[in-house]
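Engineer: File name data20.cif; file contents mmCIF, C-alpha atoms; full text below.
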```cif
data_query
loop_
_atom_site.group_PDB
_atom_site.id
_atom_site.type_symbol
_atom_site.label_atom_id
_atom_site.label_comp_id
_atom_site.auth_asym_id
_atom_site.auth_seq_id
_atom_site.Cartn_x
_atom_site.Cartn_y
_atom_site.Cartn_z
ATOM 1 C CA MET A 1 -13.592 -11.550 -13.408
ATOM 2 C CA PRO A 2 -10.828 -9.003 -14.099
ATOM 3 C CA PRO A 3 -10.382 -6.090 -11.696
ATOM 4 C CA GLU A 4 -12.455 -3.068 -12.589
ATOM 5 C CA SER A 5 -10.855 0.272 -13.283
ATOM 6 C CA PRO A 6 -10.718 2.743 -10.381
ATOM 7 C CA GLU A 7 -13.242 4.931 -12.230
ATOM 8 C CA SER A 8 -15.894 2.194 -11.983
ATOM 9 C CA LEU A 9 -15.528 1.712 -8.222
ATOM 10 C CA PRO A 10 -17.632 3.510 -5.628
ATOM 11 C CA PRO A 11 -15.715 6.343 -3.894
ATOM 12 C CA ILE A 12 -12.976 4.779 -1.783
ATOM 13 C CA ALA A 13 -10.157 6.446 0.128
ATOM 14 C CA LEU A 14 -7.022 4.509 1.088
ATOM 15 C CA ARG A 15 -5.389 5.886 4.235
ATOM 16 C CA ARG A 16 -3.587 5.007 7.424
ATOM 17 C CA LEU A 17 -5.939 4.230 10.269
ATOM 18 C CA GLY A 18 -5.617 5.703 13.742
ATOM 19 C CA PRO A 19 -7.265 5.263 17.153
ATOM 20 C CA LEU A 20 -10.477 6.978 16.042
ATOM 21 C CA ASP A 21 -10.904 4.273 13.374
ATOM 22 C CA ALA A 22 -10.803 1.335 15.806
ATOM 23 C CA ARG A 23 -14.586 0.888 15.917
ATOM 24 C CA ALA A 24 -14.924 1.060 12.109
ATOM 25 C CA CYS A 25 -12.099 -1.481 11.761
ATOM 26 C CA ARG A 26 -13.770 -3.807 14.268
ATOM 27 C CA ASP A 27 -17.092 -3.492 12.456
ATOM 28 C CA HIS A 28 -15.391 -4.385 9.167
ATOM 29 C CA LEU A 29 -13.888 -7.573 10.580
ATOM 30 C CA LEU A 30 -17.174 -8.546 12.215
ATOM 31 C CA ARG A 31 -19.004 -8.103 8.888
ATOM 32 C CA LEU A 32 -16.799 -10.699 7.177
ATOM 33 C CA GLU A 33 -18.848 -13.823 6.516
ATOM 34 C CA PRO A 34 -17.687 -16.929 8.466
ATOM 35 C CA GLU A 35 -15.615 -18.409 5.643
ATOM 36 C CA GLN A 36 -13.855 -15.127 4.877
ATOM 37 C CA ARG A 37 -13.206 -14.572 8.569
ATOM 38 C CA ARG A 38 -11.638 -18.029 8.714
ATOM 39 C CA LEU A 39 -9.494 -17.290 5.661
ATOM 40 C CA ARG A 40 -8.396 -13.932 7.076
ATOM 41 C CA PHE A 41 -7.334 -15.335 10.460
ATOM 42 C CA SER A 42 -6.274 -18.806 9.222
ATOM 43 C CA GLY A 43 -8.820 -20.417 11.488
ATOM 44 C CA THR A 44 -12.188 -20.050 13.154
ATOM 45 C CA ILE A 45 -12.403 -17.212 15.681
ATOM 46 C CA GLY A 46 -15.291 -15.613 17.520
ATOM 47 C CA ASP A 47 -16.339 -12.011 18.009
ATOM 48 C CA ALA A 48 -14.504 -11.752 21.330
ATOM 49 C CA ALA A 49 -11.232 -12.744 19.637
ATOM 50 C CA ILE A 50 -11.770 -10.018 17.036
ATOM 51 C CA ASP A 51 -12.341 -7.512 19.848
ATOM 52 C CA ARG A 52 -9.005 -8.518 21.387
ATOM 53 C CA HIS A 53 -7.251 -8.378 18.016
ATOM 54 C CA VAL A 54 -8.479 -4.846 17.320
ATOM 55 C CA ALA A 55 -7.614 -3.666 20.838
ATOM 56 C CA GLU A 56 -4.073 -4.976 20.407
ATOM 57 C CA ALA A 57 -3.703 -3.510 16.921
ATOM 58 C CA PHE A 58 -4.823 -0.045 18.013
ATOM 59 C CA ALA A 59 -2.994 -0.025 21.344
ATOM 60 C CA PRO A 60 -1.226 3.358 21.681
ATOM 61 C CA ARG A 61 2.171 1.733 22.223
ATOM 62 C CA ALA A 62 1.847 -0.408 19.076
ATOM 63 C CA LEU A 63 0.840 2.599 16.954
ATOM 64 C CA LEU A 64 3.338 5.063 18.428
ATOM 65 C CA LEU A 65 6.260 2.661 18.041
ATOM 66 C CA GLY A 66 5.152 1.742 14.532
ATOM 67 C CA ARG A 67 4.868 -1.944 15.367
ATOM 68 C CA HIS A 68 1.402 -2.200 13.857
ATOM 69 C CA VAL A 69 0.449 -0.317 10.701
ATOM 70 C CA LEU A 70 -3.153 -0.414 9.494
ATOM 71 C CA ILE A 71 -4.295 0.832 6.104
ATOM 72 C CA GLY A 72 -7.983 1.027 5.389
ATOM 73 C CA ALA A 73 -10.089 1.229 2.262
ATOM 74 C CA VAL A 74 -12.642 3.703 3.570
ATOM 75 C CA GLN A 75 -16.003 4.938 2.374
ATOM 76 C CA GLY A 76 -17.915 7.857 3.868
ATOM 77 C CA SER A 77 -16.864 11.020 5.650
ATOM 78 C CA LEU A 78 -14.773 11.488 8.764
ATOM 79 C CA SER A 79 -17.872 11.367 10.948
ATOM 80 C CA ASP A 80 -19.290 8.144 9.462
ATOM 81 C CA ALA A 81 -16.251 6.382 7.984
ATOM 82 C CA ARG A 82 -16.879 2.771 6.972
ATOM 83 C CA VAL A 83 -13.855 0.502 6.554
ATOM 84 C CA ILE A 84 -14.556 -1.958 3.741
ATOM 85 C CA GLY A 85 -11.019 -3.260 3.235
ATOM 86 C CA LEU A 86 -8.020 -3.589 5.536
ATOM 87 C CA ALA A 87 -4.293 -4.202 5.256
ATOM 88 C CA GLU A 88 -2.389 -4.930 8.453
ATOM 89 C CA LEU A 89 1.374 -4.880 8.880
ATOM 90 C CA ARG A 90 2.785 -6.343 12.078
ATOM 91 C CA LEU A 91 6.460 -5.469 12.424
ATOM 92 C CA GLU A 92 8.678 -7.819 14.392
ATOM 93 C CA PRO A 93 10.641 -5.900 17.071
ATOM 94 C CA GLY A 94 14.387 -5.999 16.515
ATOM 95 C CA ARG A 95 14.057 -7.516 13.042
ATOM 96 C CA ARG A 96 13.636 -6.082 9.569
ATOM 97 C CA GLU A 97 10.674 -8.337 8.855
ATOM 98 C CA ALA A 98 6.913 -7.937 8.991
ATOM 99 C CA GLU A 99 3.797 -10.044 8.574
ATOM 100 C CA ALA A 100 0.979 -8.770 6.364
ATOM 101 C CA ALA A 101 -2.705 -9.677 6.335
ATOM 102 C CA PHE A 102 -5.606 -8.447 4.205
ATOM 103 C CA SER A 103 -9.387 -8.471 4.096
ATOM 104 C CA VAL A 104 -11.957 -7.006 1.697
ATOM 105 C CA GLU A 105 -15.722 -7.162 2.052
ATOM 106 C CA ARG A 106 -17.756 -9.175 -0.403
ATOM 107 C CA SER A 107 -19.171 -6.235 -2.387
ATOM 108 C CA LEU A 108 -15.707 -5.048 -3.446
ATOM 109 C CA ARG A 109 -13.825 -8.294 -3.971
ATOM 110 C CA GLN A 110 -12.123 -8.927 -7.315
ATOM 111 C CA ARG A 111 -12.290 -5.230 -8.118
ATOM 112 C CA GLY A 112 -8.679 -4.312 -7.456
ATOM 113 C CA VAL A 113 -9.131 -3.099 -3.866
ATOM 114 C CA GLY A 114 -6.990 -5.879 -2.397
ATOM 115 C CA ALA A 115 -4.180 -5.154 -4.853
ATOM 116 C CA ARG A 116 -4.233 -1.457 -3.955
ATOM 117 C CA LEU A 117 -4.097 -2.277 -0.242
ATOM 118 C CA PHE A 118 -1.252 -4.737 -0.789
ATOM 119 C CA ALA A 119 0.762 -2.213 -2.820
ATOM 120 C CA ARG A 120 0.261 0.503 -0.205
ATOM 121 C CA ALA A 121 1.286 -1.887 2.577
ATOM 122 C CA LEU A 122 4.522 -2.738 0.763
ATOM 123 C CA VAL A 123 5.407 0.951 0.445
ATOM 124 C CA CYS A 124 4.758 1.440 4.171
ATOM 125 C CA ALA A 125 6.910 -1.594 4.964
ATOM 126 C CA ARG A 126 9.830 -0.325 2.851
ATOM 127 C CA ASN A 127 9.657 3.084 4.500
ATOM 128 C CA ARG A 128 10.000 1.451 7.937
ATOM 129 C CA GLY A 129 13.149 -0.406 6.994
ATOM 130 C CA VAL A 130 11.443 -3.763 6.451
ATOM 131 C CA SER A 131 13.402 -5.931 4.039
ATOM 132 C CA ARG A 132 11.118 -8.991 4.046
ATOM 133 C CA VAL A 133 7.342 -9.337 4.253
ATOM 134 C CA HIS A 134 5.620 -12.605 5.165
ATOM 135 C CA VAL A 135 2.078 -13.466 4.128
ATOM 136 C CA ARG A 136 0.299 -16.513 5.553
ATOM 137 C CA CYS A 137 -3.041 -17.910 4.441
ATOM 138 C CA LEU A 138 -4.912 -21.195 4.282
ATOM 139 C CA ALA A 139 -3.989 -23.465 1.388
ATOM 140 C CA HIS A 140 -7.410 -23.051 -0.273
ATOM 141 C CA ASN A 141 -7.465 -19.235 -0.098
ATOM 142 C CA VAL A 142 -7.411 -18.922 -3.884
ATOM 143 C CA ALA A 143 -7.940 -15.157 -4.005
ATOM 144 C CA MET A 144 -4.945 -14.509 -1.764
ATOM 145 C CA HIS A 145 -2.769 -16.877 -3.785
ATOM 146 C CA ALA A 146 -3.610 -15.053 -7.003
ATOM 147 C CA LEU A 147 -2.964 -11.626 -5.474
ATOM 148 C CA ALA A 148 0.358 -12.712 -3.982
ATOM 149 C CA ARG A 149 1.572 -14.213 -7.250
ATOM 150 C CA ARG A 150 0.551 -11.105 -9.183
ATOM 151 C CA LEU A 151 2.744 -9.020 -6.884
ATOM 152 C CA GLY A 152 5.722 -11.345 -7.119
ATOM 153 C CA VAL A 153 5.430 -13.122 -3.760
ATOM 154 C CA ALA A 154 7.162 -16.513 -3.615
ATOM 155 C CA LEU A 155 4.745 -19.095 -2.169
ATOM 156 C CA ARG A 156 5.385 -22.411 -0.411
ATOM 157 C CA PHE A 157 3.252 -24.959 1.458
ATOM 158 C CA VAL A 158 3.655 -25.230 5.235
ATOM 159 C CA ASP A 159 1.300 -27.905 6.613
ATOM 160 C CA ASP A 160 -2.214 -26.745 5.679
ATOM 161 C CA GLU A 161 -1.136 -23.163 5.027
ATOM 162 C CA ILE A 162 0.612 -21.243 2.303
ATOM 163 C CA GLU A 163 3.485 -18.993 3.307
ATOM 164 C CA GLY A 164 4.537 -16.187 1.009
ATOM 165 C CA VAL A 165 7.765 -14.219 1.250
ATOM 166 C CA LEU A 166 8.591 -11.007 -0.572
ATOM 167 C CA ASP A 167 11.985 -9.312 -0.333
ATOM 168 C CA LEU A 168 11.821 -5.529 -0.448
ATOM 169 C CA ASP A 169 14.245 -2.878 -1.603
ATOM 170 C CA PRO A 170 15.347 -0.144 0.814
ATOM 171 C CA PRO A 171 13.227 3.008 0.973
ATOM 172 C CA THR A 172 13.876 5.835 -1.452
ATOM 173 C CA PRO A 173 12.837 9.494 -1.466
ATOM 174 C CA LEU A 174 10.151 8.477 -3.949
ATOM 175 C CA THR A 175 8.617 5.838 -1.639
ATOM 176 C CA LEU A 176 8.674 8.272 1.291
ATOM 177 C CA VAL A 177 6.888 10.924 -0.745
ATOM 178 C CA ALA A 178 4.459 8.332 -2.142
ATOM 179 C CA GLU A 179 3.360 7.305 1.356
ATOM 180 C CA ARG A 180 2.881 10.898 2.521
ATOM 181 C CA MET A 181 0.972 11.866 -0.608
ATOM 182 C CA GLY A 182 -1.125 8.712 -0.412
ATOM 183 C CA ASP A 183 -2.118 9.476 3.165
ATOM 184 C CA LEU A 184 -2.935 13.088 2.259
ATOM 185 C CA ALA A 185 -5.057 11.969 -0.681
ATOM 186 C CA GLY A 186 -6.796 9.442 1.555
ATOM 187 C CA TRP A 187 -7.701 12.040 4.166
ATOM 188 C CA MET A 188 -8.880 14.459 1.484
ATOM 189 C CA GLY A 189 -11.104 11.692 0.152
ATOM 190 C CA THR A 190 -12.882 11.343 3.491
ATOM 191 C CA TRP A 191 -13.765 15.021 3.844
ATOM 192 C CA THR A 192 -17.267 16.169 3.018
ATOM 193 C CA PRO A 193 -18.029 19.610 1.525
ATOM 194 C CA GLN A 194 -18.922 20.722 5.071
ATOM 195 C CA THR A 195 -15.596 19.573 6.588
ATOM 196 C CA ARG A 196 -13.315 20.278 3.609
ATOM 197 C CA PRO A 197 -10.834 23.081 4.385
ATOM 198 C CA ALA A 198 -11.510 26.296 2.491
ATOM 199 C CA TRP A 199 -8.157 26.247 0.727
ATOM 200 C CA LEU A 200 -9.102 22.978 -1.010
ATOM 201 C CA SER A 201 -12.190 24.609 -2.519
ATOM 202 C CA ALA A 202 -10.414 27.752 -3.675
ATOM 203 C CA PRO A 203 -10.151 28.191 -7.477
#
```
Now, as a test, write the supplied structure out as structure tokens.

Structural biologist:
Amino acid sequence: MPPESPESLPPIALRRLGPLDARACRDHLLRLEPEQRRLRFSGTIGDAAIDRHVAEAFAPRALLLGRHVLIGAVQGSLSDARVIGLAELRLEPGRREAEAAFSVERSLRQRGVGARLFARALVCARNRGVSRVHVRCLAHNVAMHALARRLGVALRFVDDEIEGVLDLDPPTPLTLVAERMGDLAGWMGTWTPQTRPAWLSAP
């Protein structure tokens, strides 16, 4: 089924996630059905392992030093945000490389959400000086293979996994502005009429 146009999707905001989003991120990963959880983590993991993963991802040191970047596809307002898709970038200290991982809940798969998360993650990677992004997934993760190929990722088999590598160009003023504007648009998308600043409602 081809991806639907953004106009046909339910309201979704793409934005960087921070410490206040840790619970919503955890809930998203726990809602993944067993097979999708296995595909996301390249193996079977339990709820406790997801708790540890989220705690590590949202650790203040990891966020402040930019070693872990999380981008969420979010529905709802600031007070009841629901993460329904997630892109994670794990930067390798001392190297210009990063590993990316993605997950989208069943109701919004094959509707272009994964592609939007992937594209946003690549912009974030470029702006942090990353020159190469690695993507790993199980060999039978067909959806991830298709998404990676569509975005120009070179794939190769490594045991029972597929490893994808994408070389990135250096950041430009345009990519820096694109990330800032994307984050601003994402935050604006999560405001309700009650929390929206007055200047946004002015004619």

Engineer: Written as a list in words, what is the full residue list that the PyMOL selection byres ((chain A and resi 124-137) around 7) yields on the file shown?

Structural biologist: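 Applied to this file, the PyMOL selection byres ((chain A and resi 124-137) around 7) returns Leu39, Ser42, Arg96, Glu97, Ala98, Glu99, Ala100, Ala101, Arg120, Ala121, Leu122, Val123, Leu138, Ala139, Asn141, Glu161, Ile162, Glu163, Gly164, Val165, Leu166, Asp167, Leu168, Asp169, Pro170, Pro171, Thr175, Leu176 and Glu179 of chain A.
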
Engineer: I'd like the contact shell of Arg31 (chain A) - 12 Å cut-off, only C-alpha atoms, skipping same-chain residues fewer than 6 positions apart - returned as a short mmCIF file (atom, residue, chain, number, x, y, z; two decimals) with C-alpha atoms, in the frame of the given file.

Structural biologist:
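Dumped everything to result.cif:
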```cif
data_model
loop_
_atom_site.label_atom_id
_atom_site.label_comp_id
_atom_site.auth_asym_id
_atom_site.auth_seq_id
_atom_site.Cartn_x
_atom_site.Cartn_y
_atom_site.Cartn_z
CA ALA A 24 -14.92 1.06 12.11
CA CYS A 25 -12.10 -1.48 11.76
CA ARG A 37 -13.21 -14.57 8.57
CA ASP A 47 -16.34 -12.01 18.01
CA ILE A 50 -11.77 -10.02 17.04
CA ARG A 82 -16.88 2.77 6.97
CA VAL A 83 -13.86 0.50 6.55
CA ILE A 84 -14.56 -1.96 3.74
CA GLY A 85 -11.02 -3.26 3.24
CA SER A 103 -9.39 -8.47 4.10
CA VAL A 104 -11.96 -7.01 1.70
CA GLU A 105 -15.72 -7.16 2.05
CA ARG A 106 -17.76 -9.18 -0.40
CA SER A 107 -19.17 -6.24 -2.39
#
```

Engineer: Can you list, as an MDAnalysis selection string, the residues that the PyMOL selection byres ((chain A and resi 57) around 10) selects here?

Structural biologist: chainID A and resid 18:19 22 51:56 58:63 67:70 88:90

Engineer: Which of these residues is nearest to Gly186 (chain A), using only C-alpha atoms: A:Ile71, A:Asp27, A:Glu35, A:Gly66?

Structural biologist: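 Looking at the shortest contact to Gly186 (chain A), the residue is A:Ile71.
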
Engineer: So the first atom is CA of Leu91 (chain A) and the second is CA of Asp21 (chain A); what is the distance between them in Å, to one decimal place?

Structural biologist: 19.9 Å

Engineer: Closest to Pro11 (chain A) among A:Val74, A:Leu32, A:Ala119, A:Leu64, using all atoms listed in the file?

Structural biologist: A:Val74

Engineer: Which one is closest to Gly94 (chain A): A:Ala178, A:Arg16, A:Gly43, A:Leu65? Count only C-alpha atoms.

Structural biologist: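 Checking each of A:Ala178, A:Arg16, A:Gly43, A:Leu65 against Gly94 (chain A), counting only C-alpha atoms, the winner is A:Leu65.
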
Engineer: In Å to one decimal, how far is CA of Trp187 (chain A) from CA of Leu14 (chain A)?

Structural biologist: 8.2 Å

Engineer: In Å to one decimal, how far is CA of Ala13 (chain A) from CA of Ala48 (chain A)?

Structural biologist: 28.3 Å

Engineer: Once 8 Å is added on each side, what are the centre and the three edge lengths, in Å to one decimal, of the axis-aligned box enclosing the listed atoms of region 51-56 of chain A? Present them as AutoDock Vina command-line options.

Structural biologist:
```
--center_x -8.2 --center_y -6.1 --center_z 19.4 --size_x 24.3 --size_y 20.9 --size_z 20.1
```

Engineer: I'd like the neighbourhood of Arg150 (chain A) as a ChimeraX atom specification, where a residue qualifies if any of its atoms comes within 12 Å (using all atoms listed in the file), though same-chain residues fewer than 5 positions away should be ignored.

Structural biologist: /A:112,114-116,118-119,143-145,155,166

Engineer: What does the file look like for those residues with C-alpha atoms, as a compact mmCIF listing (two decimals), in the frame of the given file?

Structural biologist:
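Heads up, here's the output in out_2.txt:
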```
# COMPACT_ATOMS: atom_id res chain seq x y z
CA GLY A 112 -8.68 -4.31 -7.46
CA GLY A 114 -6.99 -5.88 -2.40
CA ALA A 115 -4.18 -5.15 -4.85
CA ARG A 116 -4.23 -1.46 -3.96
CA PHE A 118 -1.25 -4.74 -0.79
CA ALA A 119 0.76 -2.21 -2.82
CA ALA A 143 -7.94 -15.16 -4.00
CA MET A 144 -4.94 -14.51 -1.76
CA HIS A 145 -2.77 -16.88 -3.78
CA LEU A 155 4.74 -19.10 -2.17
CA LEU A 166 8.59 -11.01 -0.57
```

Engineer: Pick from A:Ala81, A:Leu29, A:Pro173, A:Val153: nearest to Phe102 (chain A), with only C-alpha atoms counted?

Structural biologist: A:Leu29

Engineer: Measuring atom to atom with all atoms listed in the file, identify which of A:Leu117, A:Leu108, A:Leu30, A:Val177 is nearest to Leu86 (chain A).

Structural biologist: A:Leu117
